[in-house]
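Participant: Structure supplied as protein.pdb; contents: PDB, C-alpha atoms.
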ATOM      1  CA  MET A 238     151.481  65.563 247.230  1.00  0.00           C
ATOM      2  CA  SER A 239     154.108  67.099 244.945  1.00  0.00           C
ATOM      3  CA  THR A 240     153.220  69.906 242.587  1.00  0.00           C
ATOM      4  CA  ASP A 241     154.078  67.686 239.597  1.00  0.00           C
ATOM      5  CA  VAL A 242     151.705  64.920 240.692  1.00  0.00           C
ATOM      6  CA  GLN A 243     148.966  67.436 241.430  1.00  0.00           C
ATOM      7  CA  THR A 244     149.381  69.032 237.996  1.00  0.00           C
ATOM      8  CA  LYS A 245     149.090  65.638 236.300  1.00  0.00           C
ATOM      9  CA  LYS A 246     145.956  64.799 238.269  1.00  0.00           C
ATOM     10  CA  GLU A 247     144.381  68.104 237.301  1.00  0.00           C
ATOM     11  CA  ALA A 248     145.295  67.550 233.644  1.00  0.00           C
ATOM     12  CA  TYR A 249     143.716  64.084 233.726  1.00  0.00           C
ATOM     13  CA  LYS A 250     140.542  65.496 235.282  1.00  0.00           C
ATOM     14  CA  ARG A 251     140.327  68.274 232.658  1.00  0.00           C
ATOM     15  CA  GLY A 252     140.749  65.719 229.906  1.00  0.00           C
ATOM     16  CA  GLU A 253     138.136  63.421 231.424  1.00  0.00           C
ATOM     17  CA  GLU A 254     135.607  66.240 231.723  1.00  0.00           C
ATOM     18  CA  GLN A 255     136.225  67.392 228.155  1.00  0.00           C
ATOM     19  CA  GLY A 256     136.045  63.863 226.745  1.00  0.00           C
ATOM     20  CA  ARG A 257     132.757  63.183 228.507  1.00  0.00           C
ATOM     21  CA  ALA A 258     131.318  66.520 227.380  1.00  0.00           C
ATOM     22  CA  ASP A 259     132.313  65.855 223.750  1.00  0.00           C
ATOM     23  CA  ALA A 260     130.760  62.393 223.761  1.00  0.00           C
ATOM     24  CA  LEU A 261     127.544  63.584 225.367  1.00  0.00           C
ATOM     25  CA  ALA A 262     127.287  66.350 222.800  1.00  0.00           C
ATOM     26  CA  GLY A 263     127.771  63.894 219.929  1.00  0.00           C
ATOM     27  CA  LYS A 264     131.081  65.403 218.839  1.00  0.00           C
ATOM     28  CA  PRO A 265     133.686  63.243 217.085  1.00  0.00           C
ATOM     29  CA  TYR A 266     136.610  61.898 219.094  1.00  0.00           C
ATOM     30  CA  ALA A 267     139.245  64.652 219.261  1.00  0.00           C
ATOM     31  CA  ASP A 268     142.349  62.415 219.668  1.00  0.00           C
ATOM     32  CA  PRO A 269     144.352  64.816 221.888  1.00  0.00           C
ATOM     33  CA  PRO A 270     148.103  64.889 221.127  1.00  0.00           C
ATOM     34  CA  ARG A 271     150.562  62.935 223.263  1.00  0.00           C
ATOM     35  CA  ASP A 272     154.329  63.367 223.605  1.00  0.00           C
ATOM     36  CA  GLY A 273     155.205  60.084 225.352  1.00  0.00           C
ATOM     37  CA  SER A 274     156.708  61.760 228.406  1.00  0.00           C
ATOM     38  CA  ARG A 275     153.850  60.711 230.719  1.00  0.00           C
ATOM     39  CA  GLY A 276     153.587  64.369 231.639  1.00  0.00           C
ATOM     40  CA  GLU A 277     150.662  66.782 231.666  1.00  0.00           C
ATOM     41  CA  LYS A 278     149.876  66.394 227.934  1.00  0.00           C
ATOM     42  CA  ASP A 279     149.730  62.597 228.154  1.00  0.00           C
ATOM     43  CA  GLN A 280     147.632  62.691 231.308  1.00  0.00           C
ATOM     44  CA  TYR A 281     145.136  65.029 229.657  1.00  0.00           C
ATOM     45  CA  ALA A 282     144.870  62.687 226.657  1.00  0.00           C
ATOM     46  CA  ASN A 283     144.430  59.634 228.896  1.00  0.00           C
ATOM     47  CA  GLY A 284     141.722  61.407 230.849  1.00  0.00           C
ATOM     48  CA  TYR A 285     140.028  62.445 227.616  1.00  0.00           C
ATOM     49  CA  ASP A 286     139.990  58.836 226.381  1.00  0.00           C
ATOM     50  CA  TRP A 287     138.376  57.595 229.571  1.00  0.00           C
ATOM     51  CA  GLY A 288     135.861  60.444 229.707  1.00  0.00           C
ATOM     52  CA  TYR A 289     134.896  60.012 226.059  1.00  0.00           C
ATOM     53  CA  GLU A 290     134.230  56.293 226.541  1.00  0.00           C
ATOM     54  CA  GLN A 291     132.191  56.965 229.657  1.00  0.00           C
ATOM     55  CA  GLY A 292     130.266  59.674 227.860  1.00  0.00           C
ATOM     56  CA  LYS A 293     129.437  57.368 224.963  1.00  0.00           C
ATOM     57  CA  ALA A 294     128.060  54.864 227.442  1.00  0.00           C
ATOM     58  CA  GLN A 295     125.702  57.427 228.937  1.00  0.00           C
ATOM     59  CA  LYS A 296     125.144  59.573 225.841  1.00  0.00           C
ATOM     60  CA  LEU A 297     122.465  62.127 226.457  1.00  0.00           C
ATOM     61  CA  ASP A 298     120.015  63.259 223.832  1.00  0.00           C
ATOM     62  CA  LEU A 299     118.794  66.816 224.064  1.00  0.00           C
ATOM     63  CA  VAL A 300     115.110  67.132 224.798  1.00  0.00           C
ATOM     64  CA  VAL A 301     113.076  69.337 222.435  1.00  0.00           C
ATOM     65  CA  TRP A 302     109.482  70.371 223.020  1.00  0.00           C
ATOM     66  CA  GLN A 303     106.854  73.004 222.225  1.00  0.00           C
ATOM     67  CA  GLU A 304     105.872  75.307 225.054  1.00  0.00           C
ATOM     68  CA  GLY A 305     102.162  76.132 225.260  1.00  0.00           C
ATOM     69  CA  GLY A 306      99.396  76.214 222.689  1.00  0.00           C
ATOM     70  CA  VAL A 307      99.291  78.291 219.507  1.00  0.00           C
ATOM     71  CA  GLU A 308      96.393  79.572 217.406  1.00  0.00           C
ATOM     72  CA  ASP A 309      95.836  82.072 214.601  1.00  0.00           C
ATOM     73  CA  ALA A 310      93.204  82.947 212.001  1.00  0.00           C
ATOM     74  CA  PRO A 311      93.924  83.391 208.268  1.00  0.00           C
ATOM     75  CA  GLY A 312      94.518  87.068 207.645  1.00  0.00           C
ATOM     76  CA  GLY A 313      95.049  87.614 211.361  1.00  0.00           C
ATOM     77  CA  LEU A 314      97.907  89.262 213.198  1.00  0.00           C
ATOM     78  CA  GLY A 315     100.024  86.132 213.353  1.00  0.00           C
ATOM     79  CA  THR A 316     101.400  84.497 216.469  1.00  0.00           C
ATOM     80  CA  THR A 317     104.590  83.011 217.913  1.00  0.00           C
ATOM     81  CA  ILE A 318     105.531  79.489 218.900  1.00  0.00           C
ATOM     82  CA  ASN A 319     108.134  78.690 221.559  1.00  0.00           C
ATOM     83  CA  ILE A 320     110.405  75.713 220.863  1.00  0.00           C
ATOM     84  CA  CYS A 321     112.532  74.703 223.839  1.00  0.00           C
ATOM     85  CA  VAL A 322     115.718  72.666 224.208  1.00  0.00           C
ATOM     86  CA  ARG A 323     117.127  71.213 227.426  1.00  0.00           C
ATOM     87  CA  THR A 324     119.164  68.287 228.726  1.00  0.00           C
ATOM     88  CA  PRO A 325     117.290  65.258 230.127  1.00  0.00           C
ATOM     89  CA  ASN A 326     117.701  66.220 233.783  1.00  0.00           C
ATOM     90  CA  TRP A 327     118.018  69.976 233.178  1.00  0.00           C
ATOM     91  CA  SER A 328     121.435  70.142 234.845  1.00  0.00           C
ATOM     92  CA  GLU A 329     123.877  68.250 232.571  1.00  0.00           C
ATOM     93  CA  THR A 330     126.634  70.258 230.930  1.00  0.00           C
ATOM     94  CA  VAL A 331     126.441  70.017 227.140  1.00  0.00           C
ATOM     95  CA  ASP A 332     128.198  71.945 224.397  1.00  0.00           C
ATOM     96  CA  ALA A 333     126.930  70.475 221.141  1.00  0.00           C
ATOM     97  CA  GLY A 334     128.523  73.136 218.967  1.00  0.00           C
ATOM     98  CA  ALA A 335     126.822  74.472 215.835  1.00  0.00           C
ATOM     99  CA  CYS A 336     123.658  72.409 215.303  1.00  0.00           C
ATOM    100  CA  LYS A 337     121.353  72.458 212.328  1.00  0.00           C
ATOM    101  CA  HIS A 338     117.773  73.339 213.238  1.00  0.00           C
ATOM    102  CA  VAL A 339     114.918  72.396 210.915  1.00  0.00           C
ATOM    103  CA  PHE A 340     111.397  73.382 211.979  1.00  0.00           C
ATOM    104  CA  THR A 341     108.387  72.315 209.913  1.00  0.00           C
ATOM    105  CA  ALA A 342     105.199  74.291 210.535  1.00  0.00           C
ATOM    106  CA  PRO A 343     101.927  72.412 211.131  1.00  0.00           C
ATOM    107  CA  THR A 344      99.480  72.164 208.225  1.00  0.00           C
ATOM    108  CA  GLY A 345      97.705  75.461 207.615  1.00  0.00           C
ATOM    109  CA  PHE A 346     100.600  77.566 208.926  1.00  0.00           C
ATOM    110  CA  ARG A 347     103.749  79.183 207.615  1.00  0.00           C
ATOM    111  CA  TRP A 348     106.776  80.805 209.200  1.00  0.00           C
ATOM    112  CA  ASN A 349     107.357  84.541 208.844  1.00  0.00           C
ATOM    113  CA  GLY A 350     111.134  84.174 209.252  1.00  0.00           C
ATOM    114  CA  THR A 351     111.592  85.834 212.640  1.00  0.00           C
ATOM    115  CA  VAL A 352     113.379  83.816 215.336  1.00  0.00           C
ATOM    116  CA  GLY A 353     114.582  85.002 218.725  1.00  0.00           C
ATOM    117  CA  ALA A 354     116.711  82.952 221.119  1.00  0.00           C
ATOM    118  CA  GLN A 355     117.152  83.254 224.857  1.00  0.00           C
ATOM    119  CA  TYR A 356     117.839  81.135 227.905  1.00  0.00           C
ATOM    120  CA  LYS A 357     114.968  80.451 230.268  1.00  0.00           C
ATOM    121  CA  ARG A 358     115.700  79.185 233.741  1.00  0.00           C
ATOM    122  CA  ILE A 359     113.544  76.951 235.890  1.00  0.00           C
ATOM    123  CA  ASP A 360     112.703  79.980 238.046  1.00  0.00           C
ATOM    124  CA  GLN A 361     111.280  81.641 234.872  1.00  0.00           C
ATOM    125  CA  THR A 362     114.004  84.294 234.651  1.00  0.00           C
ATOM    126  CA  THR A 363     115.578  84.799 231.234  1.00  0.00           C
ATOM    127  CA  GLY A 364     118.937  85.868 229.908  1.00  0.00           C
ATOM    128  CA  GLY A 365     121.921  84.921 227.836  1.00  0.00           C
ATOM    129  CA  ASN A 366     122.599  87.867 225.502  1.00  0.00           C
ATOM    130  CA  LEU A 367     122.548  85.418 222.618  1.00  0.00           C
ATOM    131  CA  PRO A 368     123.576  86.369 219.072  1.00  0.00           C
ATOM    132  CA  PRO A 369     120.806  86.831 216.508  1.00  0.00           C
ATOM    133  CA  VAL A 370     119.427  83.824 214.669  1.00  0.00           C
ATOM    134  CA  GLN A 371     119.917  83.895 210.898  1.00  0.00           C
ATOM    135  CA  ALA A 372     117.012  81.787 209.650  1.00  0.00           C
ATOM    136  CA  THR A 373     115.855  80.870 206.152  1.00  0.00           C
ATOM    137  CA  VAL A 374     112.278  80.045 205.171  1.00  0.00           C
ATOM    138  CA  GLY A 375     111.668  77.518 202.393  1.00  0.00           C
ATOM    139  CA  ASP A 376     109.648  78.347 199.291  1.00  0.00           C
ATOM    140  CA  ASP A 377     106.542  76.682 200.685  1.00  0.00           C
ATOM    141  CA  GLY A 378     106.766  78.727 203.887  1.00  0.00           C
ATOM    142  CA  ARG A 379     106.529  75.642 206.083  1.00  0.00           C
ATOM    143  CA  THR A 380     110.239  74.930 206.519  1.00  0.00           C
ATOM    144  CA  LEU A 381     112.429  77.116 208.746  1.00  0.00           C
ATOM    145  CA  THR A 382     116.150  76.342 208.781  1.00  0.00           C
ATOM    146  CA  PHE A 383     119.115  77.769 210.686  1.00  0.00           C
ATOM    147  CA  THR A 384     122.380  76.734 212.327  1.00  0.00           C
ATOM    148  CA  TYR A 385     122.976  77.767 215.914  1.00  0.00           C
ATOM    149  CA  HIS A 386     125.450  77.019 218.704  1.00  0.00           C
ATOM    150  CA  VAL A 387     123.704  74.894 221.329  1.00  0.00           C
ATOM    151  CA  HIS A 388     125.267  74.868 224.789  1.00  0.00           C
ATOM    152  CA  LEU A 389     123.633  74.384 228.172  1.00  0.00           C
ATOM    153  CA  ASN A 390     124.867  74.666 231.759  1.00  0.00           C
ATOM    154  CA  THR A 391     128.446  75.471 230.799  1.00  0.00           C
ATOM    155  CA  GLY A 392     128.395  78.627 232.933  1.00  0.00           C
ATOM    156  CA  SER A 393     126.116  81.031 234.764  1.00  0.00           C
ATOM    157  CA  ASP A 394     124.532  82.492 231.611  1.00  0.00           C
ATOM    158  CA  ASP A 395     123.255  79.370 229.834  1.00  0.00           C
ATOM    159  CA  LYS A 396     121.254  77.624 232.534  1.00  0.00           C
ATOM    160  CA  ASP A 397     118.400  75.150 232.098  1.00  0.00           C
ATOM    161  CA  CYS A 398     116.971  75.578 228.574  1.00  0.00           C
ATOM    162  CA  ILE A 399     117.130  77.491 225.295  1.00  0.00           C
ATOM    163  CA  VAL A 400     113.885  78.926 223.967  1.00  0.00           C
ATOM    164  CA  TYR A 401     113.457  79.797 220.288  1.00  0.00           C
ATOM    165  CA  THR A 402     110.519  82.136 219.716  1.00  0.00           C
ATOM    166  CA  CYS A 403     109.450  81.817 216.086  1.00  0.00           C
ATOM    167  CA  GLY A 404     106.947  83.900 214.158  1.00  0.00           C
ATOM    168  CA  LEU A 405     104.069  81.844 212.756  1.00  0.00           C
ATOM    169  CA  GLU A 406     100.885  82.699 210.852  1.00  0.00           C
ATOM    170  CA  ALA A 407      97.876  80.881 209.458  1.00  0.00           C
ATOM    171  CA  VAL A 408      97.838  80.781 205.657  1.00  0.00           C
ATOM    172  CA  ASP A 409      95.007  82.280 203.650  1.00  0.00           C
ATOM    173  CA  GLY A 410      92.252  79.807 202.987  1.00  0.00           C
ATOM    174  CA  ALA A 411      93.258  77.395 205.752  1.00  0.00           C
ATOM    175  CA  GLY A 412      90.254  75.624 207.258  1.00  0.00           C
ATOM    176  CA  ALA A 413      89.610  75.778 210.962  1.00  0.00           C
ATOM    177  CA  GLY A 414      91.053  72.925 212.976  1.00  0.00           C
ATOM    178  CA  ARG A 415      93.958  71.719 215.104  1.00  0.00           C
ATOM    179  CA  HIS A 416      97.021  70.328 213.351  1.00  0.00           C
ATOM    180  CA  THR A 417      99.738  68.275 215.035  1.00  0.00           C
ATOM    181  CA  ASP A 418     101.990  67.391 212.099  1.00  0.00           C
ATOM    182  CA  GLY A 419     104.665  70.047 212.638  1.00  0.00           C
ATOM    183  CA  VAL A 420     108.194  68.925 213.524  1.00  0.00           C
ATOM    184  CA  ALA A 421     111.144  70.507 215.358  1.00  0.00           C
ATOM    185  CA  GLN A 422     114.506  68.868 214.642  1.00  0.00           C
ATOM    186  CA  VAL A 423     117.575  70.133 216.514  1.00  0.00           C
ATOM    187  CA  GLY A 424     120.825  68.418 215.580  1.00  0.00           C
ATOM    188  CA  THR A 425     120.668  64.704 216.371  1.00  0.00           C
ATOM    189  CA  ALA A 426     118.097  65.057 219.154  1.00  0.00           C
ATOM    190  CA  PRO A 427     114.813  63.159 218.819  1.00  0.00           C
ATOM    191  CA  PRO A 428     112.351  65.336 216.876  1.00  0.00           C
ATOM    192  CA  ALA A 429     109.512  67.076 218.671  1.00  0.00           C
ATOM    193  CA  LYS A 430     105.948  67.444 217.462  1.00  0.00           C
ATOM    194  CA  LEU A 431     104.694  70.975 216.762  1.00  0.00           C
ATOM    195  CA  LYS A 432     100.995  71.749 217.141  1.00  0.00           C
ATOM    196  CA  ALA A 433      98.858  74.743 216.220  1.00  0.00           C
ATOM    197  CA  GLU A 434      95.186  75.525 215.658  1.00  0.00           C
ATOM    198  CA  VAL A 435      93.641  77.446 212.800  1.00  0.00           C
ATOM    199  CA  ILE A 436      90.685  79.426 214.148  1.00  0.00           C
ATOM    200  CA  GLU A 437      87.968  81.342 212.357  1.00  0.00           C
ATOM    201  CA  ASP A 438      88.384  85.077 211.953  1.00  0.00           C
ATOM    202  CA  GLU A 439      85.950  86.634 214.424  1.00  0.00           C
ATOM    203  CA  ASP A 440      85.478  89.598 212.095  1.00  0.00           C
TER
END
Using C-alpha cells, write down the structure from this file.
Facilitator:
Amino acid sequence: MSTDVQTKKEAYKRGEEQGRADALAGKPYADPPRDGSRGEKDQYANGYDWGYEQGKAQKLDLVVWQEGGVEDAPGGLGTTINICVRTPNWSETVDAGACKHVFTAPTGFRWNGTVGAQYKRIDQTTGGNLPPVQATVGDDGRTLTFTYHVHLNTGSDDKDCIVYTCGLEAVDGAGAGRHTDGVAQVGTAPPAKLKAEVIEDED
C-alpha cells in the first residue's frame, strides 16, 4: 500500500473517531473543511461525517448517581455527598466539553460550597490531578451550580468515572427524616436523585 493511500486511510479513521466522539458527547456537528482535492483533508471530513452519523445513532447518555448514604444533624459537623459520573458501560470514550452542573440538595439540607473532583477507577484507585471546581451556592443554599469539563476514558488519567465530593449540612430546625427529593443534573444526562437523612443531635 502506497504512503499516500495509507495517509488517507489514517485521516479517514481519525475523522471517523472524532465525529463519533463528538456525537456521543452531544457536541454540534463541526463541519470539517474540505478542499476538493480528495486528499487527506477531504478524507478526514468524510470520515467525520460517517462517524458523526454513527455516533448519533448510538448516542450515549452519561450516567449520574449518588454513591453511598448521607446523614447529618442540625448544628452538627456537616457531611459530604459523592456524586459520580460515568459512561453506560464504563469504557466508552467521551469528551463532552464544559458541562453545566446543577445540584439541588434534599429537603432539610444545604450546600456549604466546597466541591472536589477526582477520577475513581473500578479498582478503587483515584487520580486525575483535576483543576479546582469553582462552584456557586444559591441564596436558598439548596442549589449548587458550576461548569466543568467532563471527559472520560480519553487517556490513562481519566478512567472509569468522575466523582464530585460536595460539602453538605443539615439546616437548623430541620426535622428528623430521610429525604429523596435532591437532584443532580450534569449537562444533558438524565438527572439523578440525591438522598440524605436528617438525624437527631445525640447531644
Participant: Using only C-alpha atoms, which protein or nucleic acid residues come within 7 Å of Gly252 in chain A? Drop anything in the same chain fewer than 4 positions from it, and give the result as a ChimeraX atom specification.
Facilitator: /A:248,256,281-282,284-285
Participant: Determine the nearest neighbour of Thr316 in chain A from the options A:Thr402, A:Gln280, A:Gln355, A:Thr330, counting only C-alpha atoms.
Facilitator: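 Of A:Thr402, A:Gln280, A:Gln355, A:Thr330, the one nearest Thr316 in chain A is A:Thr402, counting only C-alpha atoms.
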Participant: As a check of understanding, name the residues that the PyMOL selection byres ((chain A and resi 407-411) around 6) selects in the supplied structure, as a ChimeraX atom specification.
Facilitator: /A:309-311,345-346,406,412
Participant: Any chance you could resolve the PyMOL selection byres ((chain A and resi 419) around 6) against this file and give the residues as a PyMOL selection string?
Facilitator: chain A and resi 341-343+417-418+420+430-431
Participant: When distances are computed from all atoms listed in the file, which of A:Lys264, A:Ser393, A:Lys357, A:Pro427 shows the smallest separation from Pro325 in chain A?
Facilitator: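 Residue with the minimum atom-to-atom distance to Pro325 in chain A: A:Pro427.
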Participant: Given 3 Å of margin on each side, can you work out the centre and size in Å (one decimal) of an axis-aligned box holding every listed atom of range 314-317 of chain A, as AutoDock Vina command-line options?
Facilitator:
--center_x 101.2 --center_y 86.1 --center_z 215.6 --size_x 12.7 --size_y 12.3 --size_z 10.7
Participant: Using all atoms listed in the file, determine which residues lie at most 12 Å from Gly375 in chain A, disregarding the query and same-chain residues fewer than 5 positions distant; provide the list as a PyMOL selection string.
Facilitator: chain A and resi 339-342+347-350+380-383
Participant: Emit a file covering range 318-386 of chain A of the preceding structure with C-alpha atoms, as a JSON list (two decimals), in the first residue's frame.
Facilitator:
[["chain", "number", "residue", "atom", "x", "y", "z"],
["A", 318, "ILE", "CA", -22.03, 13.59, 49.37],
["A", 319, "ASN", "CA", -20.34, 11.87, 46.43],
["A", 320, "ILE", "CA", -21.94, 12.41, 43.01],
["A", 321, "CYS", "CA", -20.49, 10.19, 40.30],
["A", 322, "VAL", "CA", -20.49, 10.36, 36.50],
["A", 323, "ARG", "CA", -19.61, 7.55, 34.10],
["A", 324, "THR", "CA", -20.42, 6.24, 30.63],
["A", 325, "PRO", "CA", -23.04, 3.47, 30.31],
["A", 326, "ASN", "CA", -20.54, 0.62, 30.00],
["A", 327, "TRP", "CA", -17.72, 2.36, 31.89],
["A", 328, "SER", "CA", -15.33, 2.09, 28.95],
["A", 329, "GLU", "CA", -16.67, 4.41, 26.21],
["A", 330, "THR", "CA", -14.55, 7.40, 25.27],
["A", 331, "VAL", "CA", -16.45, 10.66, 25.82],
["A", 332, "ASP", "CA", -15.31, 14.27, 25.81],
["A", 333, "ALA", "CA", -18.43, 16.32, 26.49],
["A", 334, "GLY", "CA", -16.55, 19.58, 26.94],
["A", 335, "ALA", "CA", -17.62, 22.18, 29.51],
["A", 336, "CYS", "CA", -20.89, 20.97, 31.05],
["A", 337, "LYS", "CA", -23.17, 22.85, 33.38],
["A", 338, "HIS", "CA", -23.71, 21.07, 36.69],
["A", 339, "VAL", "CA", -26.74, 21.89, 38.84],
["A", 340, "PHE", "CA", -27.11, 20.02, 42.13],
["A", 341, "THR", "CA", -30.19, 20.53, 44.30],
["A", 342, "ALA", "CA", -29.82, 19.45, 47.93],
["A", 343, "PRO", "CA", -32.52, 17.25, 49.50],
["A", 344, "THR", "CA", -35.07, 18.94, 51.78],
["A", 345, "GLY", "CA", -33.55, 19.83, 55.14],
["A", 346, "PHE", "CA", -30.03, 20.26, 53.74],
["A", 347, "ARG", "CA", -27.90, 22.97, 52.22],
["A", 348, "TRP", "CA", -24.58, 23.07, 50.41],
["A", 349, "ASN", "CA", -21.55, 24.66, 52.04],
["A", 350, "GLY", "CA", -19.95, 25.49, 48.67],
["A", 351, "THR", "CA", -17.00, 23.10, 48.75],
["A", 352, "VAL", "CA", -16.61, 20.72, 45.79],
["A", 353, "GLY", "CA", -13.69, 18.44, 44.99],
["A", 354, "ALA", "CA", -13.31, 16.44, 41.78],
["A", 355, "GLN", "CA", -11.27, 13.34, 41.07],
["A", 356, "TYR", "CA", -11.32, 10.24, 38.92],
["A", 357, "LYS", "CA", -12.15, 6.94, 40.58],
["A", 358, "ARG", "CA", -11.32, 3.72, 38.80],
["A", 359, "ILE", "CA", -13.13, 0.42, 39.05],
["A", 360, "ASP", "CA", -10.22, -0.92, 41.12],
["A", 361, "GLN", "CA", -10.92, 1.91, 43.64],
["A", 362, "THR", "CA", -7.71, 3.81, 42.89],
["A", 363, "THR", "CA", -8.06, 7.55, 42.34],
["A", 364, "GLY", "CA", -6.26, 10.19, 40.35],
["A", 365, "GLY", "CA", -6.54, 12.79, 37.66],
["A", 366, "ASN", "CA", -4.92, 15.96, 39.05],
["A", 367, "LEU", "CA", -8.09, 17.82, 38.13],
["A", 368, "PRO", "CA", -8.40, 21.61, 38.30],
["A", 369, "PRO", "CA", -10.39, 23.09, 41.18],
["A", 370, "VAL", "CA", -14.15, 23.39, 40.91],
["A", 371, "GLN", "CA", -15.48, 26.95, 41.07],
["A", 372, "ALA", "CA", -18.98, 26.46, 42.47],
["A", 373, "THR", "CA", -21.72, 28.92, 43.39],
["A", 374, "VAL", "CA", -24.40, 28.33, 46.01],
["A", 375, "GLY", "CA", -27.84, 29.88, 45.50],
["A", 376, "ASP", "CA", -29.43, 32.20, 48.05],
["A", 377, "ASP", "CA", -31.55, 29.40, 49.49],
["A", 378, "GLY", "CA", -28.48, 27.21, 50.00],
["A", 379, "ARG", "CA", -30.06, 24.27, 48.19],
["A", 380, "THR", "CA", -28.75, 24.95, 44.69],
["A", 381, "LEU", "CA", -25.10, 24.34, 43.78],
["A", 382, "THR", "CA", -24.00, 25.36, 40.29],
["A", 383, "PHE", "CA", -20.73, 25.09, 38.38],
["A", 384, "THR", "CA", -19.36, 24.45, 34.89],
["A", 385, "TYR", "CA", -16.75, 21.74, 34.48],
["A", 386, "HIS", "CA", -15.02, 19.88, 31.65]]
